[in-house]
Amino acid sequence: MDNEKFSAHGEVRALFIEDKRILTIDLSGPFNLEFIRKYQRVVGAERRKINVPCWASLVNVYGLALAPMEATDDAQLIVDEAVDSGLVATAVVLHEPEGLALQQKFWSRIYDASTLPFQFFSETPKASEWLSEKITSGMRSKGVYQNNNIIR
């Protein structure tokens with residue numbers, strides 16, 4: 001079991017939507033430290049499919065999605081690697097109203113340590129709209145232009 005003390009607690013699904021340039025990640029918590037390896041396997045497999053210079057992530061959080069403090073260090077490294085591969089922004093949609101302030105504090109701790117723009121939302125459509133704007137801005141700043149789905 002890869003020297004894991006416990007089995008992973010929490011669920012993760014990931015899907016890269018190429019035409020929108022958005023990696024959708026669905027998480028159900030709470031999580032334990034071993035969950036980070038599961039996350040890396042599932043999300044890492046989807047990230048390897050991304051072949052565009054600018055993309056964003058939409059993180060849908062269900063349940064009380066918290067993890068031990070030790071997990072934030074690993075999560076911060078994951079974010080840094082994604083930024084290096086073209087991630088321009090992350091929208092976190094918190095679907096569970098319980099413990100909202102605590103969840104925002106947890107997720108902020110992960111993203112505040114990076115240069116990545118992130119924002120919390122309560123609705124997926126607003127989050128997607130914000131991410132589209134960030135992707136367009138990121139493409140302009142990198143000198144990448146898109147017209148009729150053709151990247152120049």
# chains A, B, ... in the order shown; residues from 1 in each chain; ligands from 1
>>> residues_around(residues="stretch 80-84 of chain A", least_positions_apart="6", cutoff="9 Å", atoms="only C-alpha atoms", output="PDB file with all heavy atoms, in the first residue's frame")
ATOM      1  N   ARG A  47      -3.980  15.761 -15.776  1.00  0.00           N
ATOM      2  CA  ARG A  47      -3.063  16.869 -16.113  1.00  0.00           C
ATOM      3  C   ARG A  47      -2.105  16.484 -17.227  1.00  0.00           C
ATOM      4  O   ARG A  47      -1.714  17.331 -18.033  1.00  0.00           O
ATOM      5  CB  ARG A  47      -2.277  17.309 -14.881  1.00  0.00           C
ATOM      6  CG  ARG A  47      -3.079  18.174 -13.962  1.00  0.00           C
ATOM      7  CD  ARG A  47      -2.210  18.746 -12.865  1.00  0.00           C
ATOM      8  NE  ARG A  47      -3.007  19.557 -11.969  1.00  0.00           N
ATOM      9  CZ  ARG A  47      -2.700  19.801 -10.723  1.00  0.00           C
ATOM     10  NH1 ARG A  47      -1.580  19.306 -10.210  1.00  0.00           N
ATOM     11  NH2 ARG A  47      -3.468  20.551  -9.978  1.00  0.00           N
ATOM     12  N   SER A 114       1.002  30.496  -3.040  1.00  0.00           N
ATOM     13  CA  SER A 114       1.399  30.505  -4.451  1.00  0.00           C
ATOM     14  C   SER A 114       1.092  31.867  -5.070  1.00  0.00           C
ATOM     15  O   SER A 114       0.518  32.734  -4.430  1.00  0.00           O
ATOM     16  CB  SER A 114       0.650  29.410  -5.217  1.00  0.00           C
ATOM     17  OG  SER A 114      -0.698  29.794  -5.415  1.00  0.00           O
ATOM     18  N   THR A 115       1.463  32.005  -6.317  1.00  0.00           N
ATOM     19  CA  THR A 115       1.151  33.234  -7.071  1.00  0.00           C
ATOM     20  C   THR A 115      -0.159  33.072  -7.843  1.00  0.00           C
ATOM     21  O   THR A 115      -0.575  33.990  -8.545  1.00  0.00           O
ATOM     22  CB  THR A 115       2.273  33.537  -8.081  1.00  0.00           C
ATOM     23  OG1 THR A 115       2.401  32.424  -8.977  1.00  0.00           O
ATOM     24  CG2 THR A 115       3.602  33.776  -7.366  1.00  0.00           C
ATOM     25  N   LEU A 116      -0.794  31.937  -7.706  1.00  0.00           N
ATOM     26  CA  LEU A 116      -1.984  31.605  -8.480  1.00  0.00           C
ATOM     27  C   LEU A 116      -3.216  32.391  -8.023  1.00  0.00           C
ATOM     28  O   LEU A 116      -3.566  32.359  -6.848  1.00  0.00           O
ATOM     29  CB  LEU A 116      -2.279  30.111  -8.339  1.00  0.00           C
ATOM     30  CG  LEU A 116      -3.462  29.571  -9.144  1.00  0.00           C
ATOM     31  CD1 LEU A 116      -3.118  29.578 -10.636  1.00  0.00           C
ATOM     32  CD2 LEU A 116      -3.813  28.176  -8.686  1.00  0.00           C
TER      33      LEU A 116
END
>>> residues_around(residues="stretch 52-59 of chain A", least_positions_apart="4", cutoff="8 Å", atoms="only C-alpha atoms", output="list in words")
Arg21, Ile22, Leu23, Thr24, Ile25, Asp26, Leu27, Ser85, Gly86, Leu87, Val88, Ala89, Thr90, Ala91, Val92, Val93, Ala127, Ser128, Leu131, Lys134, Ile135, Gly138, Met139 and Val144 of chain A
>>> atom_distance(atom1="atom CA of A:Phe120", atom2="atom CA of A:Ser108")
9.2 Å
>>> residues_around(residues="A:Val43", least_positions_apart="5", cutoff="9 Å", atoms="only C-alpha atoms", output="mmCIF file with N, CA and C atoms, in the first residue's frame")
data_model
loop_
_atom_site.group_PDB
_atom_site.id
_atom_site.type_symbol
_atom_site.label_atom_id
_atom_site.label_comp_id
_atom_site.auth_asym_id
_atom_site.auth_seq_id
_atom_site.Cartn_x
_atom_site.Cartn_y
_atom_site.Cartn_z
ATOM 1 N N VAL A 12 -12.152 11.660 -5.188
ATOM 2 C CA VAL A 12 -11.697 12.634 -6.170
ATOM 3 C C VAL A 12 -11.998 12.114 -7.576
ATOM 4 N N ARG A 13 -12.494 13.017 -8.415
ATOM 5 C CA ARG A 13 -12.682 12.751 -9.847
ATOM 6 C C ARG A 13 -12.136 13.964 -10.583
ATOM 7 N N ALA A 14 -11.581 13.730 -11.765
ATOM 8 C CA ALA A 14 -11.032 14.836 -12.548
ATOM 9 C C ALA A 14 -11.305 14.611 -14.028
ATOM 10 N N LEU A 15 -11.578 15.713 -14.734
ATOM 11 C CA LEU A 15 -11.817 15.656 -16.172
ATOM 12 C C LEU A 15 -11.389 16.984 -16.783
ATOM 13 N N LEU A 23 -9.857 22.223 -16.176
ATOM 14 C CA LEU A 23 -9.743 20.944 -15.499
ATOM 15 C C LEU A 23 -10.751 20.969 -14.347
ATOM 16 N N ILE A 25 -12.326 19.328 -11.151
ATOM 17 C CA ILE A 25 -11.955 18.391 -10.098
ATOM 18 C C ILE A 25 -13.096 18.362 -9.094
ATOM 19 N N LYS A 38 -3.765 9.709 -3.478
ATOM 20 C CA LYS A 38 -4.884 9.377 -4.361
ATOM 21 C C LYS A 38 -5.171 10.554 -5.286
ATOM 22 N N ARG A 48 -1.721 15.237 -17.266
ATOM 23 C CA ARG A 48 -0.805 14.794 -18.330
ATOM 24 C C ARG A 48 -1.454 14.874 -19.703
#
>>> select_by_dssp(residues="stretch 57-105 of chain A", states="strand (DSSP E)", output="ChimeraX atom specification")
/A:57-62,87-94
>>> atom_distance(atom1="atom CA of A:Leu102", atom2="atom CA of A:Asn60")
16.1 Å
>>> atom_distance(atom1="atom CA of A:Ser28", atom2="atom CA of A:Gln103")
12.5 Å
>>> closest_residue(among="A:Gly143, A:Gly63, A:Gly44, A:Pro97", to="A:Glu11", atoms="only C-alpha atoms")
A:Gly63
>>> closest_residue(among="A:Glu18, A:Glu133, A:Glu34, A:Glu98", to="A:Val61", atoms="only C-alpha atoms")
A:Glu98
>>> closest_residue(among="A:Ser7, A:Ser132, A:Gln76, A:Pro117", to="A:Phe35", atoms="only C-alpha atoms")
A:Ser7
>>> residues_around(residues="A:Ile36", least_positions_apart="3", cutoff="8 Å", atoms="only C-alpha atoms", output="PyMOL selection string")
chain A and resi 32-33+39-40+71+74-75
>>> write_last_selection(atoms="all heavy atoms", output="compact mmCIF listing (two decimals), in the first residue's frame")
# COMPACT_ATOMS: atom_id res chain seq x y z
N ASN A 32 -7.80 12.59 4.57
CA ASN A 32 -6.68 12.32 5.45
C ASN A 32 -5.39 12.50 4.65
O ASN A 32 -5.43 12.82 3.45
CB ASN A 32 -6.78 10.92 6.08
CG ASN A 32 -6.79 9.80 5.05
OD1 ASN A 32 -6.74 10.03 3.84
ND2 ASN A 32 -6.84 8.57 5.54
N LEU A 33 -4.26 12.32 5.30
CA LEU A 33 -2.97 12.52 4.62
C LEU A 33 -2.82 11.58 3.42
O LEU A 33 -2.29 11.97 2.39
CB LEU A 33 -1.81 12.28 5.58
CG LEU A 33 -1.56 13.37 6.61
CD1 LEU A 33 -0.49 12.95 7.60
CD2 LEU A 33 -1.15 14.67 5.92
N TYR A 39 -5.19 11.76 -4.73
CA TYR A 39 -5.42 12.97 -5.50
C TYR A 39 -4.35 13.10 -6.60
O TYR A 39 -4.67 13.37 -7.76
CB TYR A 39 -5.37 14.19 -4.58
CG TYR A 39 -5.55 15.50 -5.31
CD1 TYR A 39 -6.80 16.09 -5.41
CD2 TYR A 39 -4.47 16.15 -5.90
CE1 TYR A 39 -6.97 17.30 -6.07
CE2 TYR A 39 -4.63 17.35 -6.57
CZ TYR A 39 -5.88 17.91 -6.66
OH TYR A 39 -6.04 19.10 -7.32
N GLN A 40 -3.09 12.90 -6.24
CA GLN A 40 -2.01 13.02 -7.22
C GLN A 40 -2.16 12.01 -8.35
O GLN A 40 -1.89 12.33 -9.50
CB GLN A 40 -0.65 12.85 -6.53
CG GLN A 40 -0.28 14.04 -5.68
CD GLN A 40 1.00 13.81 -4.89
OE1 GLN A 40 1.16 12.79 -4.22
NE2 GLN A 40 1.91 14.77 -4.98
N ALA A 71 -1.15 18.05 5.38
CA ALA A 71 -1.51 17.85 3.97
C ALA A 71 -1.38 19.13 3.16
O ALA A 71 -1.22 19.07 1.94
CB ALA A 71 -2.93 17.31 3.87
N ASP A 74 1.95 19.37 1.04
CA ASP A 74 1.91 18.59 -0.19
C ASP A 74 1.00 19.24 -1.22
O ASP A 74 1.30 19.28 -2.41
CB ASP A 74 1.44 17.16 0.08
CG ASP A 74 2.48 16.35 0.83
OD1 ASP A 74 3.67 16.69 0.77
OD2 ASP A 74 2.08 15.37 1.49
N ALA A 75 -0.14 19.76 -0.76
CA ALA A 75 -1.08 20.41 -1.67
C ALA A 75 -0.46 21.66 -2.29
O ALA A 75 -0.68 21.94 -3.47
CB ALA A 75 -2.37 20.76 -0.93
>>> closest_residue(among="A:Val79, A:Tyr62, A:Asn51, A:Ile17", to="A:Gly29", atoms="only C-alpha atoms")
A:Tyr62
>>> select_by_dssp(residues="chain A", states="helix (DSSP H, G or I)", output="MDAnalysis selection string")
chainID A and resid 35:47 70:84 100:112 124:141
